[in-house]
Structures are given as structure tokens and as C-alpha cells.
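Novice: If you scroll down you'll find the structure; I have some questions about it.
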Amino acid sequence: MDFLDGLNPQQRMAVSAPSGPVLVLAGPGSGKTRVLIHRAAYLVRHAGAAPRSLLAVTFTNKAAREMQTRLANLLADAHGAGLPSLGTFHAACARILRREADRLPVTRDFVIFDDSDQEALLRQVLKELNLDPRQHPPGRIHAAISSAKNELILPEAYPASSYVAEIVRRAYGRYDQLLRENNAFDFDDLLVWAGRLLRENDDVRDRYRRFYQHILVDEFQDTNTAQYELLRLLVSDEPDLFLVGDPDQSIYRWRGADYRNVQRFQKDYPNHRVFLLEQNYRSTQHILDAAMAVIDRHPDRQKKRLFTDRGQGTPIVLRETYDEQEEAAYVVETIAALTLQKQLEPRDCAVMYRTNAQSRALEEAFLHANLPYRLVGAQRFYGRREVKDLIAYLRLVHNPADQVSLLRVLNTPPRGLGAKSIEAMLEAAARSQQSPGVYLLDLGRGAAEAPSGLSARAAGGLASFGQHLAAWRERAASLPVAELIDALLGSVRYREFIDDGTEEGEDRWANVLELRGLAQDYIDLGLSEFLQQVALVSDQDTLTETLNAPVLLTLHAAKGLEFRAVFVIGLDDGLLPHQRSFDDREAMAEERRLFYVGITRAQDFLFLVRAFRRHSFGTGGVCEPSRFLSDIPADLLAGDAGHRGPTRAQALYERQTRWESLADAPAEPRYRAGMHVQHSAFGDGIVMESHLDREDETVTIAFGQAGVKRLSASLARLEVLDD
DNA sequence: GCATCGGATTTTTTT
DNA sequence: AATCCGATGC
């Protein structure tokens, strides 16, 4: 079969374009991922490219994974020649940096600092510089440093244009220094240093240029300066660059993304070709018309005309509710009604909002209705304390120079090492010109002098920690990660610390075991690769595909997804567009695009919802409808936009009756009592009970070895052996 | 060294 | 309103 079949003429032209710089401007739902994947396949099948000479980069792991699977299918019989390199910008950079570590101010064992590590390090910096973290919030300084890095501005070049800027400049310099001392890169460094490596080492650059002859980029509108420069360094003078993107969907400006890279590219590569994908395969014409009405108000943009052959569809519903409770109730009720009428499945529905805080009212409403839901983002698995603790232990074992991790675990669980002992230890380490971790190792085997002025107990505690660390390091060299974790947890009696017998304690311990299970799943990965995996994979992936429930997510998180029914809630001026964007033209334009992204996620049904009154920060206020709403022509809309006032009692009553009928028609649990399952850490077991809760399925299993455990189905990776 | 209290803070967050 | 951080007191 020819894989150009099934593509429309525009898609086909883009896919089979001659080698060279290509820009595909693709409207929402126009099959841009499809085009990217087919282009990769085309290069291998028709242009005779070696799969390995392809590099495809995406922004999310999810996109990378999807591409991987689909590409593997397309290239199924061309196996043996290997598969293209495929991953996120950050993962690709980490791979390169690891390989070329001897040219860098870190060792091959460097670790990757995430946001909370970065903030911890910044707190340390502020302390050193005698700055009050209240007046200079670490988060804000971190943001400033991050955008400087994304703009490729080095600390020395950071403009000290104001007092605050001077503070940032100094913090930035010291922060970077400390990162090197910790043998660490932060997220942004991965891009910055990969670029630096290629810029400063001609031989390395030539090597990669020869190796990657074809580069493909997804969501190009979201690249930042560092990423764009990196691309320029990676391609030769006659580049085969295939970029896919949509400037109308650029929503990460505040993270340094610059859709003007699209224009920059057109200027830098005057011989490029542009392809426009305008046919939409996702939404009804009503939805597209509304989307275009919103985005056409956007100044200076290349106009795209979106069309579909899916027909007009149903009108868009605009609904004004009294407050956020009624807003949430309306959403739940409507989803309930749609699913009861069998118009669609619960999983076909999504609720999108501007800020995470808005999920709260929704969660309560779903909870009250006894309906399950799936929440994207918010409470992150890797953000949980116990998970971070364990990762910090592993990182310390892997890289004793990692001071941030050391300080995190040194007294966790408490072992009598308080602020004073730690200070003395840091001082002694500095005096012996060692990183604190290495110093503790020395102290453990009696090769270093104990810190002065400490109680025997504290000094003993430090030495004993050093001995433990040495023992773990020894084991790390020979044991799989999962077994190292066992040894570690056992020797610090972590379970006793975290699991206090309450339900919460059990959950915490279960999270620890899930991480262990993950290590078991990636049994082939060494400690280094495992840590990198953990650092670069976010848990957007925790989204359970199997649970049949509506999805709650921010508009940002919704990009790239589609649902039959979409509710965009909180359409109030001040929320969308967000108040903080009011006085910034560019920011307002981005709010508009954000709304556009939300609208264009919908396939069949679109609900736009707002509340007359909204409680924020304790004070309840009356709000105006979003200014974007007036851009949508009235003839596309249905609903009761003029209806105001407290209909709560009535709504409450209705809710009650509908929920009762719904309670017995929830989504199906995946596991049933009596099933025989296998867990990577606990072995074989029998399911005793399983139920759906808010965003997941909780399974109670009796394991032969490990006893009875309650696990969450989305994380546990259970394998069903037989029912 | 740990618990508790008080005060400040509150956009979005691919990696 | 709720949460998180830091300082204070035991």
C-alpha cells in the first residue's frame, strides 16, 4: 500500500516536498501530526534516507510517544535499519550532553534539576546573598533566570537595568555556579549547554550535522530562542528541515516561546517552501466559524481559512450561571444529560479552564454527583513529598555532589541532624574543599575531620549517614534500581517514617512503592538512565485512558487534544482574558489564542460558560462577561445568555434527582473481584475489590507475598493474568 | 528538634 | 479560602 493514500492533496504535497527547508502551517484538526509522521516515513521509503539520520523533536513526551507508535507502524517492514531518533527537545539535548560530557563542566553522571530543585537552590543563593526571600520571591527570580536562559543571555550579560534586575543578575551568577558545583543542569541548561557545545566545538557540530541529516519539528510555534538556535546549529547549509506549527496556537510566550521564530525561519531560509493545511477534520462548521471569529481579531497574522465537510452541526451553547458552584453544577448536569441520552460517552467530554484553581468547584460538583472524573495536572505524582524524597536519595547515591538532594534527605527521616549540625557540616565540607556529599563519604570512613563544635551524637549521625551513603553507592554499582531502592528504604526505615497507619500514610507508602514498581518496569535502565527518565517525564501521562470519565484540564494542557464535547468555563473578563494580561498587548493576544485553542478542541458540542459572581481570594465579586464572547456572531449561539439571578434552589433540586439516576450508571471499573493479576513489585495477587473514585480506579489486591494492598490502577501497571 | 501559629500570597507550567 | 513558608516557643 502506498502511504500517501488517505492524505488530502495539500497534505500529500507537504509530505512529498523535495528536500529542503519546509514550513507547514497547519490549522487545528488539519492532521499536522499525521503529516509529520508521513513525512518521516516518506524520507525513509521514498528518499532513501537511513532511519537513523532522522531526528524528530516534539515538546511533550506524550506527543513523542504517539509519534513513535505511529511511525513504527508505518515503517514496520523497514525494520532492521533502526528507527529515527524521536523525543522532546530536552531529552534530545540530555542525550547529547551525556555523550559529550567530557567537553562540559559536569561529569557524565550529571543530574537534572526540576522546578522545585531550582527553587531550593535559589533559596540557598538568597541566603548567601543575604536577601530576604519575602522581598525577592525565589519563584519570581527563578522565572527571570529561566527566561534569560531561554533567550540565551548569560549571567554576565544580564542587563542590570534596575535594582531588581541587579539582584537577579547576581542571583543568576551564583545560581549557575552552584548548579555546576552540584554537578547538575536545570531544564533550561539542557538547551543552553547543548547549543553552547555545538557552537564552540566545530568537530562535535560537524559530527551531529553529518549524523542527523533530516530534522522534523512539531509545534514549531512554541520554540524559544534557545531551541531555534539549537536547530540552526544542528542543520547544515543545505538543511532538510520540516517544521510543522500553527502560530494561532502559540500559548507559551510566558515560557519563552516566540511564534516569531516562524518569521525568523522564513527570513533565515529564503528558499523555504510553505504549505497551508486548512481543511479541518475535527469540528463542525459552527465551531470553526466561532473559532475564526475569535482569532480573526488577532492583529498581524497570516489568515487561514478553516473549512470542514462535517456540516454545520449544533449551535454553540452560551450559558451564564449565578456563581462558580452553579457553573460547576451546570457542567455536571449537562454532561450527565448528554451521556444519559446516550449522545456520547463520559470520556468524550472535557472541561477546560484558565486557572487550576477553577477545578476545585468542578471537583466538588462531580464528587457530589458521585461521578468519576479525570484531572490533568494539579497534584503531580512526582511532586509528592515521599516520591521526591526517594528520588533525592537515588540522586544523591548517583551523584554525591548533589547538595540539594543531600539537604533534602539528610534529616529525612529525622535523625537528629538539625539546622546547626547541618550548618557545621557545610562549613567543614567547604573547609576541606569538598562537596558536602563527598565530605560525608570521607567522614564515614574516618578520612575527614569531624565538624567542630558538635555533640557526639550529631557527629556520629553525620558519620553514620556517610557510611550508609557509601554502602548504597556500592550496591548501586551491582544491583538493579528496584533492589537498590529496597536496600535504601530498609536502612533508613522510611516506611515507619511515612506510613503512620492512617489512610493517608498508606497512600504515601503506596506512592513510594509505585516508584519502586516503575524502577522494576524499567529494569534495563541503570540508575543514571532511570533518573533521567524520571526527570524528563512529567505526569501528564497519568491521564488514564481506560477510565470512562470526563477530563478536567487547563486550556494550556488541552493543546493537541480533541473531544466530542468541550466546556470552556470561566468566560469572565479578568479570568479569560486574565487580569494580569490586561495591560500588555502581546499577552492579550495570547489570551485570545488560548480561547481559540479551547474552542478548536471541540468536535461536535461546544459550551461556553460563565458566572455572574465569582469568589476569588475570599472576596466575592460581580464580573463582566469575557470581551472575547462578543466577537462570536450571535447566530452561532444558542442558550440563555440573558438569564441571570439565583436559580440555585431549582438547580439543586434538579441535581439531586438526576444524580440519583446517574449513580448506578458510572463508568466500568477495569478490575473485578476474583481477577488474577500481577504487579511488578508485589508479584501475583487476587483482586478483592475495585472501585472508581474521583479520577482513578482503586484496586484492593491480596498478594501472595506482600499481603493486601490498595493501589491506583493508573500508576500500578497491573497485568491481568486471568479473570 | 519539633510543633504550632501567624502572615503573606494566589496565571498559565510542554521539560 | 486555603495553602505554604518562616519564625517563634516548648
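In the C-alpha cells, the first chain shown is A, the next is B, and so on; residue numbers restart at 1 for each chain, and ligands run from 1 in the order shown.
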Could you work out which residues of chain C fall inside 10 Å of chain A? Count only C-alpha atoms (C1' of nucleotides), and format the result as a list of chain:residue names.
Specialist: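 Here they are: C:DA1, C:DA2, C:DC5, C:DG6.
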Novice: Where in range 161-249 of chain A does DSSP assign helix (DSSP H, G or I), given as a PyMOL selection string?
Specialist: chain A and resi 163-181+187-200+202-211+220-222+225-234+247-249
Novice: So which residues touch Ala17 in chain A within 12 Å, counting only C-alpha atoms (C1' of nucleotides), skipping near sequence neighbours fewer than 6 positions away, as an MDAnalysis selection string?
Specialist: chainID A and resid 9:11 23:24 35:36 38:40 42:43 46:47 240:242 272:275
Novice: Enumerate as a PyMOL selection string the residues belonging to chain A that approach chain B to within 10 Å, with only C-alpha atoms (C1' of nucleotides) taken into account.
Specialist: chain A and resi 58-63+88-91+114-115+134+186-188+190+222+251-255+354-357+377+414-419+535-538+540+554-557+559+575+578-581+591+594+616-617
Novice: Would you mind exporting the chosen residues as a JSON list (two decimals), in the first residue's frame, restricted to C-alpha atoms?
Specialist:
[["chain", "number", "residue", "atom", "x", "y", "z"],
["A", 58, "THR", "CA", 8.33, 17.39, 19.96],
["A", 59, "PHE", "CA", 7.51, 19.34, 23.08],
["A", 60, "THR", "CA", 5.85, 16.68, 25.14],
["A", 61, "ASN", "CA", 6.62, 13.11, 25.92],
["A", 62, "LYS", "CA", 3.08, 12.26, 25.04],
["A", 63, "ALA", "CA", 3.47, 13.62, 21.52],
["A", 88, "THR", "CA", 11.42, 16.05, 23.25],
["A", 89, "PHE", "CA", 13.87, 18.88, 22.80],
["A", 90, "HIS", "CA", 15.04, 18.38, 26.35],
["A", 91, "ALA", "CA", 15.50, 14.65, 26.05],
["A", 114, "ASP", "CA", 13.41, 20.26, 38.18],
["A", 115, "ASP", "CA", 11.43, 23.32, 39.24],
["A", 134, "ARG", "CA", 9.98, 37.70, 51.02],
["A", 186, "ASP", "CA", 18.43, 22.61, 35.14],
["A", 187, "PHE", "CA", 15.80, 22.15, 32.45],
["A", 188, "ASP", "CA", 16.81, 25.28, 30.59],
["A", 190, "LEU", "CA", 19.88, 21.34, 28.70],
["A", 222, "ASP", "CA", 6.29, 27.07, 20.60],
["A", 251, "ILE", "CA", 0.29, 29.89, 24.05],
["A", 252, "TYR", "CA", 3.61, 29.58, 25.83],
["A", 253, "ARG", "CA", 5.05, 33.03, 25.33],
["A", 254, "TRP", "CA", 5.45, 33.40, 29.08],
["A", 255, "ARG", "CA", 7.75, 30.37, 28.96],
["A", 354, "ARG", "CA", -7.91, 29.23, 32.61],
["A", 355, "THR", "CA", -6.52, 28.54, 36.08],
["A", 356, "ASN", "CA", -6.05, 25.36, 38.04],
["A", 357, "ALA", "CA", -7.91, 26.84, 40.97],
["A", 377, "GLY", "CA", -2.02, 18.27, 36.15],
["A", 414, "PRO", "CA", 14.67, 12.76, 61.26],
["A", 415, "ARG", "CA", 17.97, 11.50, 62.59],
["A", 416, "GLY", "CA", 18.81, 14.27, 64.96],
["A", 417, "LEU", "CA", 20.55, 16.47, 62.44],
["A", 418, "GLY", "CA", 19.11, 19.93, 62.77],
["A", 419, "ALA", "CA", 19.96, 23.25, 61.29],
["A", 535, "ALA", "CA", 13.36, 13.90, 35.48],
["A", 536, "LEU", "CA", 12.20, 14.38, 31.92],
["A", 537, "VAL", "CA", 8.87, 12.60, 32.09],
["A", 538, "SER", "CA", 6.09, 14.63, 33.59],
["A", 540, "GLN", "CA", 0.61, 14.45, 32.17],
["A", 554, "THR", "CA", -6.42, 23.84, 31.88],
["A", 555, "LEU", "CA", -6.63, 25.36, 28.43],
["A", 556, "HIS", "CA", -2.87, 25.06, 28.22],
["A", 557, "ALA", "CA", -2.95, 21.36, 28.90],
["A", 559, "LYS", "CA", -3.49, 21.77, 23.30],
["A", 575, "LEU", "CA", -10.19, 35.28, 34.12],
["A", 578, "HIS", "CA", -6.73, 37.01, 32.63],
["A", 579, "GLN", "CA", -6.49, 40.27, 34.51],
["A", 580, "ARG", "CA", -2.72, 40.09, 34.52],
["A", 581, "SER", "CA", -2.68, 40.38, 30.78],
["A", 591, "GLU", "CA", -5.23, 35.06, 25.89],
["A", 594, "LEU", "CA", -5.79, 30.41, 24.37],
["A", 616, "SER", "CA", -11.70, 34.86, 44.41],
["A", 617, "PHE", "CA", -9.25, 35.31, 47.26]]
Novice: Pull the strand (DSSP E) assignments for range 27-143 of chain A out of DSSP run on the backbone, and list those residues as a list in words.
Specialist: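 Filtering range 27-143 of chain A down to strand (DSSP E) leaves Leu54, Leu55, Ala56, Val57, Thr58, Ser85, Leu86, Gly87, Thr88, Val111, Ile112 and Phe113 of chain A.
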Novice: I want to know what sits within 10 Å of Phe567 in chain A, based on only C-alpha atoms (C1' of nucleotides), with residues of the same chain fewer than 2 positions away left out; could you give that as a VMD selection string?
Specialist: chain A and resid 317 to 318 331 334 to 335 349 to 353 552 563 565 569 to 570 598 to 599 601 to 602 605 to 609
Novice: Please, could you write that set of residues out with C-alpha atoms as a compact mmCIF listing (two decimals), in the first residue's frame?
Specialist:
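Wrote it out as part.txt, contents follow:
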# COMPACT_ATOMS: atom_id res chain seq x y z
CA VAL A 317 -24.34 26.95 23.79
CA LEU A 318 -23.63 30.05 25.80
CA VAL A 331 -21.41 21.36 33.64
CA THR A 334 -25.18 18.76 31.15
CA ILE A 335 -22.62 16.01 30.88
CA CYS A 349 -16.33 15.30 27.42
CA ALA A 350 -13.75 17.78 28.62
CA VAL A 351 -13.97 20.81 30.85
CA MET A 352 -11.35 23.49 30.26
CA TYR A 353 -10.47 26.48 32.36
CA LEU A 552 -10.78 18.36 33.68
CA PHE A 563 -13.07 15.83 22.50
CA ALA A 565 -17.92 17.86 23.77
CA ILE A 569 -15.78 27.68 31.68
CA GLY A 570 -14.93 30.89 33.47
CA GLY A 598 -10.08 25.75 23.68
CA ILE A 599 -12.80 26.24 21.05
CA ARG A 601 -10.65 21.18 20.72
CA ALA A 602 -14.37 20.51 20.23
CA PHE A 605 -20.54 20.22 21.02
CA LEU A 606 -19.20 23.42 22.45
CA PHE A 607 -20.42 25.00 25.66
CA LEU A 608 -19.24 28.41 26.76
CA VAL A 609 -19.99 29.04 30.39
Novice: What does the structure give for the distance between CA of Phe113 in chain A and CA of Leu129 in chain A, in Å to one decimal?
Specialist: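 Computing the Euclidean distance for CA of Phe113 in chain A and CA of Leu129 in chain A yields 21.3 Å.
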Novice: How many Å lie between CA of Pro105 in chain A and CA of Asp189 in chain A, rounded to one decimal?
Specialist: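 Separating CA of Pro105 in chain A from CA of Asp189 in chain A is a distance of 11.9 Å.
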Novice: Quick one: distance from CA of His691 in chain A to CA of Arg710 in chain A in Å, one decimal?
Specialist: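 One can read the CA of His691 in chain A to CA of Arg710 in chain A distance as 10.7 Å.
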Novice: For His368 in chain A, which residue among A:Glu333, A:Glu689, A:Glu345, A:Glu562 is the nearest when counting only C-alpha atoms?
Specialist: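 With only C-alpha atoms as the atom set, the closest residue is A:Glu333.
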